[in-house]
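Engineer: Input file: entry01.csv. Contents: CSV, N, CA and C atoms and all ligand atoms.
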```
chain,number,residue,atom,x,y,z
A,1,MET,N,0.6,-2.5,3.6
A,1,MET,CA,1.7,-2.0,4.5
A,1,MET,C,2.7,-1.1,3.8
A,2,ARG,N,3.0,-1.5,2.5
A,2,ARG,CA,3.9,-0.7,1.7
A,2,ARG,C,3.3,0.7,1.5
A,3,GLY,N,2.0,0.8,1.2
A,3,GLY,CA,1.4,2.1,1.0
A,3,GLY,C,1.5,3.0,2.2
A,4,LEU,N,1.3,2.4,3.4
A,4,LEU,CA,1.4,3.2,4.6
A,4,LEU,C,2.8,3.7,4.9
A,5,ARG,N,3.8,3.1,4.2
A,5,ARG,CA,5.2,3.5,4.4
A,5,ARG,C,5.6,4.3,3.1
A,6,LYS,N,4.7,4.8,2.3
A,6,LYS,CA,4.9,5.6,1.1
A,6,LYS,C,5.8,4.9,0.1
A,7,ARG,N,5.6,3.6,0.0
A,7,ARG,CA,6.4,2.8,-0.9
A,7,ARG,C,5.5,2.3,-2.1
A,8,CYS,N,6.1,2.0,-3.2
A,8,CYS,CA,5.4,1.4,-4.3
A,8,CYS,C,4.7,0.1,-3.8
A,9,PRO,N,3.4,-0.1,-4.1
A,9,PRO,CA,2.8,-1.3,-3.6
A,9,PRO,C,3.3,-2.6,-4.4
A,10,ARG,N,3.8,-2.4,-5.5
A,10,ARG,CA,4.3,-3.6,-6.3
A,10,ARG,C,5.7,-4.0,-5.9
A,11,CYS,N,6.6,-3.0,-5.9
A,11,CYS,CA,8.1,-3.4,-5.8
A,11,CYS,C,8.7,-2.9,-4.5
A,12,GLY,N,8.0,-2.0,-3.8
A,12,GLY,CA,8.5,-1.5,-2.5
A,12,GLY,C,9.5,-0.3,-2.7
A,13,GLU,N,9.6,0.2,-3.9
A,13,GLU,CA,10.4,1.4,-4.1
A,13,GLU,C,10.1,2.6,-3.2
A,14,ARG,N,11.1,3.2,-2.6
A,14,ARG,CA,10.9,4.3,-1.6
A,14,ARG,C,10.8,5.6,-2.3
A,15,ASP,N,11.4,5.8,-3.5
A,15,ASP,CA,11.4,7.1,-4.1
A,15,ASP,C,10.1,7.3,-4.9
A,16,THR,N,9.0,7.5,-4.2
A,16,THR,CA,7.7,7.6,-4.9
A,16,THR,C,7.2,9.1,-5.0
A,17,PHE,N,7.8,10.0,-4.2
A,17,PHE,CA,7.3,11.4,-4.2
A,17,PHE,C,8.4,12.3,-4.6
A,18,LEU,N,8.1,13.3,-5.5
A,18,LEU,CA,9.0,14.4,-5.8
A,18,LEU,C,9.1,15.4,-4.7
A,19,THR,N,7.9,15.8,-4.2
A,19,THR,CA,7.8,16.7,-3.0
A,19,THR,C,6.8,16.0,-2.1
A,20,TRP,N,6.6,16.6,-0.9
A,20,TRP,CA,5.6,16.0,0.0
A,20,TRP,C,4.3,15.9,-0.6
A,21,PHE,N,3.8,16.8,-1.5
A,21,PHE,CA,2.5,16.7,-2.0
A,21,PHE,C,2.4,16.3,-3.5
A,22,HIS,N,3.5,16.0,-4.1
A,22,HIS,CA,3.5,15.7,-5.5
A,22,HIS,C,4.2,14.3,-5.7
A,23,ALA,N,3.3,13.3,-6.0
A,23,ALA,CA,3.8,12.0,-6.3
A,23,ALA,C,4.3,11.9,-7.7
A,24,ARG,N,5.2,11.0,-7.9
A,24,ARG,CA,5.6,10.7,-9.3
A,24,ARG,C,4.4,10.0,-10.0
A,25,ALA,N,4.4,10.1,-11.3
A,25,ALA,CA,3.3,9.5,-12.0
A,25,ALA,C,3.5,8.0,-12.1
A,26,LEU,N,4.7,7.6,-12.2
A,26,LEU,CA,5.1,6.1,-12.4
A,26,LEU,C,6.1,5.8,-11.3
A,27,CYS,N,6.1,4.5,-11.0
A,27,CYS,CA,7.2,4.0,-10.1
A,27,CYS,C,8.5,4.0,-10.9
A,28,PRO,N,9.6,4.6,-10.4
A,28,PRO,CA,10.8,4.6,-11.1
A,28,PRO,C,11.5,3.3,-11.2
A,29,GLU,N,11.1,2.3,-10.4
A,29,GLU,CA,11.7,1.0,-10.4
A,29,GLU,C,10.9,0.0,-11.3
A,30,CYS,N,9.6,-0.1,-11.1
A,30,CYS,CA,8.8,-1.1,-11.9
A,30,CYS,C,7.8,-0.5,-12.9
A,31,GLY,N,7.7,0.8,-12.9
A,31,GLY,CA,6.8,1.5,-13.9
A,31,GLY,C,5.3,1.4,-13.6
A,32,LEU,N,4.9,1.0,-12.4
A,32,LEU,CA,3.5,1.0,-12.0
A,32,LEU,C,3.0,2.4,-12.0
A,33,ARG,N,1.8,2.6,-12.7
A,33,ARG,CA,1.1,3.9,-12.7
A,33,ARG,C,0.2,3.9,-11.5
A,34,TRP,N,0.4,4.9,-10.6
A,34,TRP,CA,-0.3,4.8,-9.3
A,34,TRP,C,-1.7,5.4,-9.5
A,35,GLU,N,-1.9,6.4,-10.3
A,35,GLU,CA,-3.3,7.0,-10.5
A,35,GLU,C,-3.8,6.4,-11.8
A,36,LYS,N,-4.8,5.5,-11.7
A,36,LYS,CA,-5.2,4.8,-12.9
A,36,LYS,C,-6.0,5.7,-13.8
A,37,GLU,N,-6.7,6.7,-13.3
A,37,GLU,CA,-7.5,7.5,-14.1
A,37,GLU,C,-7.6,8.9,-13.4
A,38,GLU,N,-8.1,9.9,-14.2
A,38,GLU,CA,-8.3,11.2,-13.6
A,38,GLU,C,-9.2,11.1,-12.4
A,39,GLY,N,-8.8,11.8,-11.3
A,39,GLY,CA,-9.6,11.7,-10.1
A,39,GLY,C,-9.5,10.4,-9.3
A,40,GLY,N,-8.5,9.6,-9.7
A,40,GLY,CA,-8.4,8.3,-9.1
A,40,GLY,C,-8.0,8.3,-7.6
A,41,PHE,N,-7.6,9.4,-7.1
A,41,PHE,CA,-7.2,9.5,-5.7
A,41,PHE,C,-8.3,10.0,-4.8
A,42,LEU,N,-9.5,9.9,-5.2
A,42,LEU,CA,-10.6,10.3,-4.3
A,42,LEU,C,-10.7,9.3,-3.1
A,43,GLY,N,-10.3,8.1,-3.4
A,43,GLY,CA,-10.2,7.1,-2.3
A,43,GLY,C,-9.2,7.5,-1.2
A,44,ALA,N,-8.1,8.1,-1.7
A,44,ALA,CA,-7.0,8.5,-0.8
A,44,ALA,C,-7.5,9.7,0.1
A,45,MET,N,-8.3,10.5,-0.5
A,45,MET,CA,-8.9,11.6,0.3
A,45,MET,C,-9.8,11.1,1.4
A,46,MET,N,-10.6,10.0,1.0
A,46,MET,CA,-11.5,9.4,2.0
A,46,MET,C,-10.6,8.8,3.1
A,47,ILE,N,-9.5,8.1,2.8
A,47,ILE,CA,-8.7,7.5,3.8
A,47,ILE,C,-8.1,8.6,4.7
A,48,ASN,N,-7.6,9.7,4.1
A,48,ASN,CA,-7.0,10.8,4.8
A,48,ASN,C,-8.0,11.4,5.8
A,49,TYR,N,-9.2,11.6,5.3
A,49,TYR,CA,-10.3,12.2,6.1
A,49,TYR,C,-10.6,11.3,7.3
A,50,THR,N,-10.7,10.0,7.0
A,50,THR,CA,-11.0,9.0,8.1
A,50,THR,C,-9.9,9.0,9.2
A,51,VAL,N,-8.7,9.0,8.7
A,51,VAL,CA,-7.6,9.0,9.7
A,51,VAL,C,-7.6,10.3,10.6
A,52,ALA,N,-7.8,11.5,9.9
A,52,ALA,CA,-7.9,12.7,10.7
A,52,ALA,C,-9.0,12.7,11.7
A,53,LEU,N,-10.2,12.3,11.2
A,53,LEU,CA,-11.4,12.2,12.1
A,53,LEU,C,-11.1,11.2,13.2
A,54,GLY,N,-10.5,10.1,12.9
A,54,GLY,CA,-10.2,9.1,14.0
A,54,GLY,C,-9.2,9.6,15.0
A,55,GLY,N,-8.2,10.3,14.5
A,55,GLY,CA,-7.2,11.0,15.5
A,55,GLY,C,-7.9,12.0,16.3
A,56,TRP,N,-8.8,12.8,15.8
A,56,TRP,CA,-9.4,13.8,16.5
A,56,TRP,C,-10.4,13.2,17.6
A,57,LEU,N,-11.1,12.1,17.2
A,57,LEU,CA,-12.0,11.5,18.1
A,57,LEU,C,-11.2,10.9,19.3
A,58,ILE,N,-10.0,10.3,19.0
A,58,ILE,CA,-9.2,9.8,20.1
A,58,ILE,C,-8.8,10.9,21.1
A,59,LEU,N,-8.4,12.0,20.5
A,59,LEU,CA,-8.0,13.2,21.3
A,59,LEU,C,-9.2,13.6,22.2
A,60,LEU,N,-10.3,13.7,21.5
A,60,LEU,CA,-11.5,14.2,22.2
A,60,LEU,C,-11.9,13.2,23.4
A,61,VAL,N,-11.9,11.9,23.1
A,61,VAL,CA,-12.3,11.0,24.2
A,61,VAL,C,-11.3,11.0,25.3
A,62,VAL,N,-10.0,11.1,25.0
A,62,VAL,CA,-8.9,11.1,26.0
A,62,VAL,C,-9.1,12.3,26.9
A,63,VAL,N,-9.2,13.5,26.3
A,63,VAL,CA,-9.3,14.7,27.0
A,63,VAL,C,-10.6,14.8,27.8
A,64,LEU,N,-11.7,14.4,27.2
A,64,LEU,CA,-13.0,14.4,28.0
A,64,LEU,C,-13.0,13.4,29.1
A,65,THR,N,-12.4,12.3,28.9
A,65,THR,CA,-12.4,11.3,30.0
A,65,THR,C,-11.5,11.7,31.1
A,66,ALA,N,-10.4,12.4,30.8
A,66,ALA,CA,-9.5,12.9,31.9
A,66,ALA,C,-9.9,14.1,32.6
A,67,THR,N,-10.8,15.0,32.0
A,67,THR,CA,-11.0,16.3,32.5
A,67,THR,C,-12.5,16.6,32.9
A,68,VAL,N,-13.4,15.8,32.5
A,68,VAL,CA,-14.8,16.1,32.8
A,68,VAL,C,-15.0,16.1,34.3
A,69,PRO,N,-15.6,17.1,35.0
A,69,PRO,CA,-16.5,18.1,34.4
A,69,PRO,C,-15.8,19.4,34.0
A,70,ASP,N,-14.5,19.6,34.3
A,70,ASP,CA,-13.8,20.8,34.0
A,70,ASP,C,-13.0,20.7,32.7
A,71,VAL,N,-13.7,20.7,31.6
A,71,VAL,CA,-13.1,20.5,30.3
A,71,VAL,C,-12.3,21.8,29.9
A,72,PRO,N,-11.0,21.7,29.6
A,72,PRO,CA,-10.3,22.9,29.1
A,72,PRO,C,-10.6,23.2,27.7
A,73,VAL,N,-11.6,24.1,27.5
A,73,VAL,CA,-12.2,24.3,26.1
A,73,VAL,C,-11.2,24.9,25.2
A,74,VAL,N,-10.5,26.0,25.6
A,74,VAL,CA,-9.6,26.6,24.6
A,74,VAL,C,-8.4,25.7,24.2
A,75,PRO,N,-7.7,25.1,25.2
A,75,PRO,CA,-6.7,24.1,24.8
A,75,PRO,C,-7.2,23.0,24.0
A,76,LEU,N,-8.4,22.5,24.3
A,76,LEU,CA,-9.0,21.4,23.5
A,76,LEU,C,-9.2,21.9,22.0
A,77,LEU,N,-9.7,23.1,21.9
A,77,LEU,CA,-9.9,23.7,20.5
A,77,LEU,C,-8.6,23.8,19.8
A,78,LEU,N,-7.6,24.3,20.4
A,78,LEU,CA,-6.3,24.5,19.8
A,78,LEU,C,-5.7,23.1,19.4
A,79,ALA,N,-5.8,22.1,20.3
A,79,ALA,CA,-5.3,20.8,20.0
A,79,ALA,C,-6.1,20.2,18.9
A,80,SER,N,-7.4,20.5,18.8
A,80,SER,CA,-8.3,19.9,17.7
A,80,SER,C,-7.8,20.5,16.4
A,81,VAL,N,-7.5,21.8,16.4
A,81,VAL,CA,-7.1,22.4,15.1
A,81,VAL,C,-5.7,21.8,14.7
A,82,VAL,N,-4.8,21.6,15.6
A,82,VAL,CA,-3.6,21.0,15.3
A,82,VAL,C,-3.7,19.6,14.7
A,83,VAL,N,-4.6,18.8,15.4
A,83,VAL,CA,-4.8,17.4,14.9
A,83,VAL,C,-5.5,17.4,13.6
A,84,LEU,N,-6.6,18.3,13.4
A,84,LEU,CA,-7.4,18.2,12.2
A,84,LEU,C,-6.7,18.9,11.0
A,85,VAL,N,-5.7,19.7,11.2
A,85,VAL,CA,-4.9,20.2,10.1
A,85,VAL,C,-3.5,19.5,9.9
A,86,GLY,N,-2.9,19.2,11.0
A,86,GLY,CA,-1.5,18.6,11.0
A,86,GLY,C,-1.6,17.1,10.6
A,87,LEU,N,-2.5,16.4,11.1
A,87,LEU,CA,-2.5,15.0,10.8
A,87,LEU,C,-2.8,14.7,9.3
A,88,PRO,N,-3.8,15.4,8.7
A,88,PRO,CA,-4.0,15.1,7.2
A,88,PRO,C,-2.8,15.6,6.4
A,89,LEU,N,-2.1,16.6,6.8
A,89,LEU,CA,-0.9,17.0,6.1
A,89,LEU,C,0.2,16.0,6.2
A,90,TRP,N,0.4,15.5,7.4
A,90,TRP,CA,1.4,14.5,7.6
A,90,TRP,C,1.1,13.2,6.9
A,91,PHE,N,-0.2,12.8,6.9
A,91,PHE,CA,-0.6,11.5,6.4
A,91,PHE,C,-0.9,11.5,4.9
A,92,TYR,N,-0.9,12.7,4.3
A,92,TYR,CA,-1.3,12.8,2.9
A,92,TYR,C,-0.6,11.8,1.9
A,93,PRO,N,0.8,11.8,1.9
A,93,PRO,CA,1.4,10.9,1.0
A,93,PRO,C,1.2,9.4,1.4
A,94,ARG,N,1.0,9.1,2.6
A,94,ARG,CA,0.7,7.7,3.0
A,94,ARG,C,-0.7,7.3,2.6
A,95,ALA,N,-1.7,8.3,2.7
A,95,ALA,CA,-3.0,8.0,2.2
A,95,ALA,C,-3.0,7.7,0.7
A,96,LYS,N,-2.2,8.5,0.0
A,96,LYS,CA,-2.2,8.4,-1.5
A,96,LYS,C,-1.6,7.0,-1.9
A,97,MET,N,-0.5,6.6,-1.2
A,97,MET,CA,0.1,5.4,-1.6
A,97,MET,C,-0.7,4.2,-1.1
A,98,THR,N,-1.4,4.4,0.0
A,98,THR,CA,-2.3,3.3,0.5
A,98,THR,C,-3.4,3.1,-0.5
A,99,TRP,N,-4.0,4.2,-1.0
A,99,TRP,CA,-5.0,4.0,-2.0
A,99,TRP,C,-4.4,3.4,-3.3
A,100,ALA,N,-3.2,3.7,-3.7
A,100,ALA,CA,-2.6,3.1,-4.8
A,100,ALA,C,-2.4,1.6,-4.6
A,101,ALA,N,-2.1,1.3,-3.3
A,101,ALA,CA,-1.9,-0.2,-3.0
A,101,ALA,C,-3.3,-0.9,-3.1
A,102,VAL,N,-4.4,-0.2,-2.7
A,102,VAL,CA,-5.7,-0.9,-2.8
A,102,VAL,C,-6.0,-1.1,-4.3
A,103,GLU,N,-5.7,-0.1,-5.1
A,103,GLU,CA,-6.0,-0.2,-6.6
A,103,GLU,C,-5.1,-1.3,-7.2
A,104,PHE,N,-3.8,-1.4,-6.7
A,104,PHE,CA,-2.9,-2.4,-7.2
A,104,PHE,C,-3.4,-3.8,-6.8
A,105,MET,N,-4.0,-4.0,-5.6
A,105,MET,CA,-4.5,-5.3,-5.2
A,105,MET,C,-5.7,-5.7,-6.1
A,106,VAL,N,-6.5,-4.7,-6.5
A,106,VAL,CA,-7.6,-5.0,-7.4
A,106,VAL,C,-7.1,-5.3,-8.7
A,107,LEU,N,-6.1,-4.6,-9.2
A,107,LEU,CA,-5.5,-4.8,-10.6
A,107,LEU,C,-4.9,-6.2,-10.6
A,108,ARG,N,-4.2,-6.5,-9.5
A,108,ARG,CA,-3.4,-7.8,-9.5
A,108,ARG,C,-4.4,-9.0,-9.5
A,109,SER,N,-5.6,-8.8,-9.1
A,109,SER,CA,-6.6,-9.9,-9.0
A,109,SER,C,-7.2,-10.1,-10.4
A,110,GLN,N,-6.9,-9.2,-11.4
A,110,GLN,CA,-7.5,-9.4,-12.7
A,110,GLN,C,-6.8,-10.7,-13.4
A,111,PRO,N,-7.6,-11.4,-14.1
A,111,PRO,CA,-7.0,-12.7,-14.7
A,111,PRO,C,-5.9,-12.4,-15.7
A,112,ASP,N,-5.9,-11.2,-16.4
A,112,ASP,CA,-4.9,-10.9,-17.4
A,112,ASP,C,-3.7,-10.1,-16.9
A,113,TYR,N,-3.6,-10.0,-15.6
A,113,TYR,CA,-2.5,-9.2,-15.0
A,113,TYR,C,-1.2,-10.0,-15.2
A,114,GLN,N,-0.2,-9.3,-15.6
A,114,GLN,CA,1.2,-9.9,-15.7
A,114,GLN,C,2.1,-8.9,-15.0
A,115,ALA,N,3.0,-9.4,-14.2
A,115,ALA,CA,4.0,-8.6,-13.5
A,115,ALA,C,5.0,-8.2,-14.6
A,116,PRO,N,5.5,-6.9,-14.6
A,116,PRO,CA,6.4,-6.4,-15.6
A,116,PRO,C,7.8,-7.0,-15.4
A,117,LEU,N,8.5,-6.9,-16.5
A,117,LEU,CA,9.9,-7.3,-16.4
A,117,LEU,C,10.7,-6.3,-15.6
A,118,ARG,N,11.7,-6.7,-15.0
A,118,ARG,CA,12.6,-5.7,-14.2
A,118,ARG,C,13.2,-4.7,-15.1
A,119,ARG,N,13.1,-3.4,-14.7
A,119,ARG,CA,13.6,-2.3,-15.6
A,119,ARG,C,15.1,-2.1,-15.2
A,120,ASP,N,15.8,-1.6,-16.2
A,120,ASP,CA,17.2,-1.2,-16.0
A,120,ASP,C,17.3,0.0,-15.1
A,121,PRO,N,18.0,-0.2,-13.9
A,121,PRO,CA,18.0,0.9,-12.9
A,121,PRO,C,18.6,2.2,-13.5
A,122,ARG,N,19.5,2.1,-14.6
A,122,ARG,CA,20.1,3.3,-15.2
A,122,ARG,C,19.0,4.1,-15.9
A,123,SER,N,17.9,3.5,-16.3
A,123,SER,CA,16.9,4.3,-17.1
A,123,SER,C,16.2,5.3,-16.2
A,124,ARG,N,16.3,5.1,-14.9
A,124,ARG,CA,15.7,6.0,-13.9
A,124,ARG,C,16.2,7.5,-14.1
A,125,ASP,N,17.5,7.6,-14.4
A,125,ASP,CA,18.0,8.9,-14.6
A,125,ASP,C,17.5,9.6,-15.8
A,126,LEU,N,17.0,8.9,-16.8
A,126,LEU,CA,16.5,9.5,-18.0
A,126,LEU,C,15.1,10.0,-17.9
A,127,GLU,N,14.4,9.5,-16.9
A,127,GLU,CA,12.9,9.9,-16.7
A,127,GLU,C,12.8,11.3,-16.1
B,201,ZN,ZN,7.3,-0.1,-8.1
```
Can the structure in the file be given as structure tokens, please?
Structural biologist:
Amino acid sequence: MRGLRKRCPRCGERDTFLTWFHARALCPECGLRWEKEEGGFLGAMMINYTVALGGWLILLVVVLTATVPDVPVVPLLLASVVVLVGLPLWFYPRAKMTWAAVEFMVLRSQPDYQAPLRRDPRSRDLE
């Protein structure tokens, strides 16, 4: 749930992104590295694709159910473009942090995992 709210999966920190598309490398509060390895966010892309496709299928089913046999093709196409472009853009940081949360849950299940010590909040300004 923290990932869906763009928060750090370990500590719940809100300040996880520098811009809409650029996540911080580490959590400024607990120091958790969100991308464990190069290309580690392929799972986030899969989540984002699945959400976009799910949103579009809901739109398609609702419109077709309400309008068959007189389907408004052009408005449906325009709405499809809006959903298939806008939804992934809006959901992008949430997908990334959701995938980081999945990786964190796997990491946390390792027998040698240890929660870090609380960092000094003043060190955030130095990073
Ligand atoms: Zn954190």
Engineer: Tell me which protein, DNA and RNA residues are within 8 Å of segment 73-76 of chain A, counting only N, CA and C atoms, leaving out same-chain ones fewer than 6 positions away, and put them as JSON, numbers by chain.
Structural biologist: {"A": [59, 60, 63, 82]}
Engineer: Rank A:Leu26, A:Arg10, A:Pro69, A:Glu37 by their smallest atom-to-atom distance to Gln114 of chain A, using only C-alpha atoms, and report the top residue only.
Structural biologist: A:Arg10
Engineer: Would you list the contacts of segment 92-98 of chain A as a ChimeraX atom specification, taking every protein, DNA or RNA residue within 7 Å and counting all atoms listed in the file, but skipping same-chain residues closer than 6 positions in sequence?
Structural biologist: /A:2-7,9,20-21,41,43-45,47-48
Engineer: Return as a list of chain:residue names the residues of protein, DNA or RNA that approach ligand ZN 201 (chain B) to within 6.5 Å, with only N, CA and C atoms and all ligand atoms taken into account.
Structural biologist: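 Going residue by residue within 6.5 Å of ligand ZN 201 (chain B), we get A:Cys8, A:Pro9, A:Arg10, A:Cys11, A:Gly12, A:Glu13, A:Cys27, A:Pro28, A:Glu29, A:Cys30, A:Gly31, A:Leu32.
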Engineer: So which one's closest to Leu53 of chain A, A:Val71, A:Val83, A:Glu38, A:Trp99? Using all atoms listed in the file, please.
Structural biologist: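 Using all atoms listed in the file, Leu53 of chain A sits closest to A:Val83.
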Engineer: From the DSSP assignment of the backbone, select every residue of segment 4-120 of chain A that is helix (DSSP H, G or I), and format the answer as a ChimeraX atom specification.
Structural biologist: /A:4-5,42-67,73-108
Engineer: Just give me the gap between atom N of Met105 of chain A and atom C of Met1 of chain A in Å, one decimal is fine.
Structural biologist: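 Computing the Euclidean distance for atom N of Met105 of chain A and atom C of Met1 of chain A yields 11.9 Å.
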Engineer: Could you check how far atom CA of Gly40 of chain A sits from atom CA of Tyr113 of chain A, in Å to one decimal?
Structural biologist: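 Interatomic distance, atom CA of Gly40 of chain A to atom CA of Tyr113 of chain A: 19.4 Å.
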Engineer: Quick one: pull the distance between atom CA of Leu57 of chain A and atom CA of Leu87 of chain A, Å, one decimal.
Structural biologist: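 Computing it gives 12.5 Å between the two atoms.
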Engineer: Using all atoms listed in the file for the distances, tell me which of A:Leu84, A:Leu89, A:Ala25, A:Val102 is nearest to Gly55 of chain A.
Structural biologist: A:Leu84
Engineer: Using all heavy atoms, give me segment 46-55 of chain A from the structure I just pasted, as a PDB file, in the first residue's frame.
Structural biologist:
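Output file result01.pdb is given in full below:
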```pdb
ATOM      1  N   MET A  46       5.972  -3.656 -16.016  1.00  0.00           N
ATOM      2  CA  MET A  46       4.918  -4.658 -16.159  1.00  0.00           C
ATOM      3  C   MET A  46       3.672  -4.244 -15.368  1.00  0.00           C
ATOM      4  O   MET A  46       2.546  -4.365 -15.851  1.00  0.00           O
ATOM      5  CB  MET A  46       5.429  -6.017 -15.680  1.00  0.00           C
ATOM      6  CG  MET A  46       4.401  -7.108 -15.831  1.00  0.00           C
ATOM      7  SD  MET A  46       4.683  -8.501 -14.767  1.00  0.00           S
ATOM      8  CE  MET A  46       4.436  -7.800 -13.163  1.00  0.00           C
ATOM      9  N   ILE A  47       3.869  -3.739 -14.159  1.00  0.00           N
ATOM     10  CA  ILE A  47       2.735  -3.280 -13.344  1.00  0.00           C
ATOM     11  C   ILE A  47       2.029  -2.126 -14.046  1.00  0.00           C
ATOM     12  O   ILE A  47       0.798  -2.103 -14.143  1.00  0.00           O
ATOM     13  CB  ILE A  47       3.220  -2.852 -11.940  1.00  0.00           C
ATOM     14  CG1 ILE A  47       3.668  -4.067 -11.140  1.00  0.00           C
ATOM     15  CG2 ILE A  47       2.123  -2.093 -11.192  1.00  0.00           C
ATOM     16  CD1 ILE A  47       4.349  -3.708  -9.837  1.00  0.00           C
ATOM     17  N   ASN A  48       2.808  -1.181 -14.567  1.00  0.00           N
ATOM     18  CA  ASN A  48       2.226  -0.019 -15.235  1.00  0.00           C
ATOM     19  C   ASN A  48       1.450  -0.434 -16.484  1.00  0.00           C
ATOM     20  O   ASN A  48       0.344   0.046 -16.738  1.00  0.00           O
ATOM     21  CB  ASN A  48       3.337   0.969 -15.592  1.00  0.00           C
ATOM     22  CG  ASN A  48       2.856   2.393 -15.608  1.00  0.00           C
ATOM     23  OD1 ASN A  48       1.725   2.693 -15.282  1.00  0.00           O
ATOM     24  ND2 ASN A  48       3.733   3.286 -16.015  1.00  0.00           N
ATOM     25  N   TYR A  49       2.009  -1.342 -17.255  1.00  0.00           N
ATOM     26  CA  TYR A  49       1.330  -1.841 -18.457  1.00  0.00           C
ATOM     27  C   TYR A  49       0.023  -2.544 -18.081  1.00  0.00           C
ATOM     28  O   TYR A  49      -1.007  -2.338 -18.725  1.00  0.00           O
ATOM     29  CB  TYR A  49       2.267  -2.796 -19.201  1.00  0.00           C
ATOM     30  CG  TYR A  49       1.655  -3.425 -20.406  1.00  0.00           C
ATOM     31  CD1 TYR A  49       1.469  -2.697 -21.578  1.00  0.00           C
ATOM     32  CD2 TYR A  49       1.236  -4.745 -20.388  1.00  0.00           C
ATOM     33  CE1 TYR A  49       0.895  -3.271 -22.695  1.00  0.00           C
ATOM     34  CE2 TYR A  49       0.665  -5.333 -21.493  1.00  0.00           C
ATOM     35  CZ  TYR A  49       0.498  -4.587 -22.636  1.00  0.00           C
ATOM     36  OH  TYR A  49      -0.082  -5.157 -23.735  1.00  0.00           O
ATOM     37  N   THR A  50       0.071  -3.348 -17.036  1.00  0.00           N
ATOM     38  CA  THR A  50      -1.120  -4.084 -16.610  1.00  0.00           C
ATOM     39  C   THR A  50      -2.225  -3.130 -16.150  1.00  0.00           C
ATOM     40  O   THR A  50      -3.398  -3.314 -16.492  1.00  0.00           O
ATOM     41  CB  THR A  50      -0.758  -5.056 -15.468  1.00  0.00           C
ATOM     42  OG1 THR A  50       0.272  -5.939 -15.930  1.00  0.00           O
ATOM     43  CG2 THR A  50      -1.952  -5.856 -15.019  1.00  0.00           C
ATOM     44  N   VAL A  51      -1.854  -2.088 -15.403  1.00  0.00           N
ATOM     45  CA  VAL A  51      -2.839  -1.108 -14.937  1.00  0.00           C
ATOM     46  C   VAL A  51      -3.456  -0.363 -16.125  1.00  0.00           C
ATOM     47  O   VAL A  51      -4.670  -0.167 -16.197  1.00  0.00           O
ATOM     48  CB  VAL A  51      -2.203  -0.126 -13.923  1.00  0.00           C
ATOM     49  CG1 VAL A  51      -3.085   1.079 -13.678  1.00  0.00           C
ATOM     50  CG2 VAL A  51      -1.903  -0.850 -12.625  1.00  0.00           C
ATOM     51  N   ALA A  52      -2.610   0.045 -17.088  1.00  0.00           N
ATOM     52  CA  ALA A  52      -3.118   0.759 -18.264  1.00  0.00           C
ATOM     53  C   ALA A  52      -4.066  -0.128 -19.069  1.00  0.00           C
ATOM     54  O   ALA A  52      -5.147   0.313 -19.483  1.00  0.00           O
ATOM     55  CB  ALA A  52      -1.957   1.224 -19.141  1.00  0.00           C
ATOM     56  N   LEU A  53      -3.665  -1.368 -19.271  1.00  0.00           N
ATOM     57  CA  LEU A  53      -4.517  -2.283 -20.029  1.00  0.00           C
ATOM     58  C   LEU A  53      -5.818  -2.562 -19.278  1.00  0.00           C
ATOM     59  O   LEU A  53      -6.899  -2.602 -19.888  1.00  0.00           O
ATOM     60  CB  LEU A  53      -3.759  -3.589 -20.291  1.00  0.00           C
ATOM     61  CG  LEU A  53      -4.353  -4.496 -21.350  1.00  0.00           C
ATOM     62  CD1 LEU A  53      -4.420  -3.770 -22.696  1.00  0.00           C
ATOM     63  CD2 LEU A  53      -3.546  -5.764 -21.473  1.00  0.00           C
ATOM     64  N   GLY A  54      -5.733  -2.708 -17.969  1.00  0.00           N
ATOM     65  CA  GLY A  54      -6.941  -2.930 -17.164  1.00  0.00           C
ATOM     66  C   GLY A  54      -7.891  -1.748 -17.234  1.00  0.00           C
ATOM     67  O   GLY A  54      -9.101  -1.916 -17.375  1.00  0.00           O
ATOM     68  N   GLY A  55      -7.342  -0.533 -17.146  1.00  0.00           N
ATOM     69  CA  GLY A  55      -8.167   0.675 -17.244  1.00  0.00           C
ATOM     70  C   GLY A  55      -8.842   0.779 -18.601  1.00  0.00           C
ATOM     71  O   GLY A  55     -10.020   1.134 -18.703  1.00  0.00           O
TER      72      GLY A  55
END
```
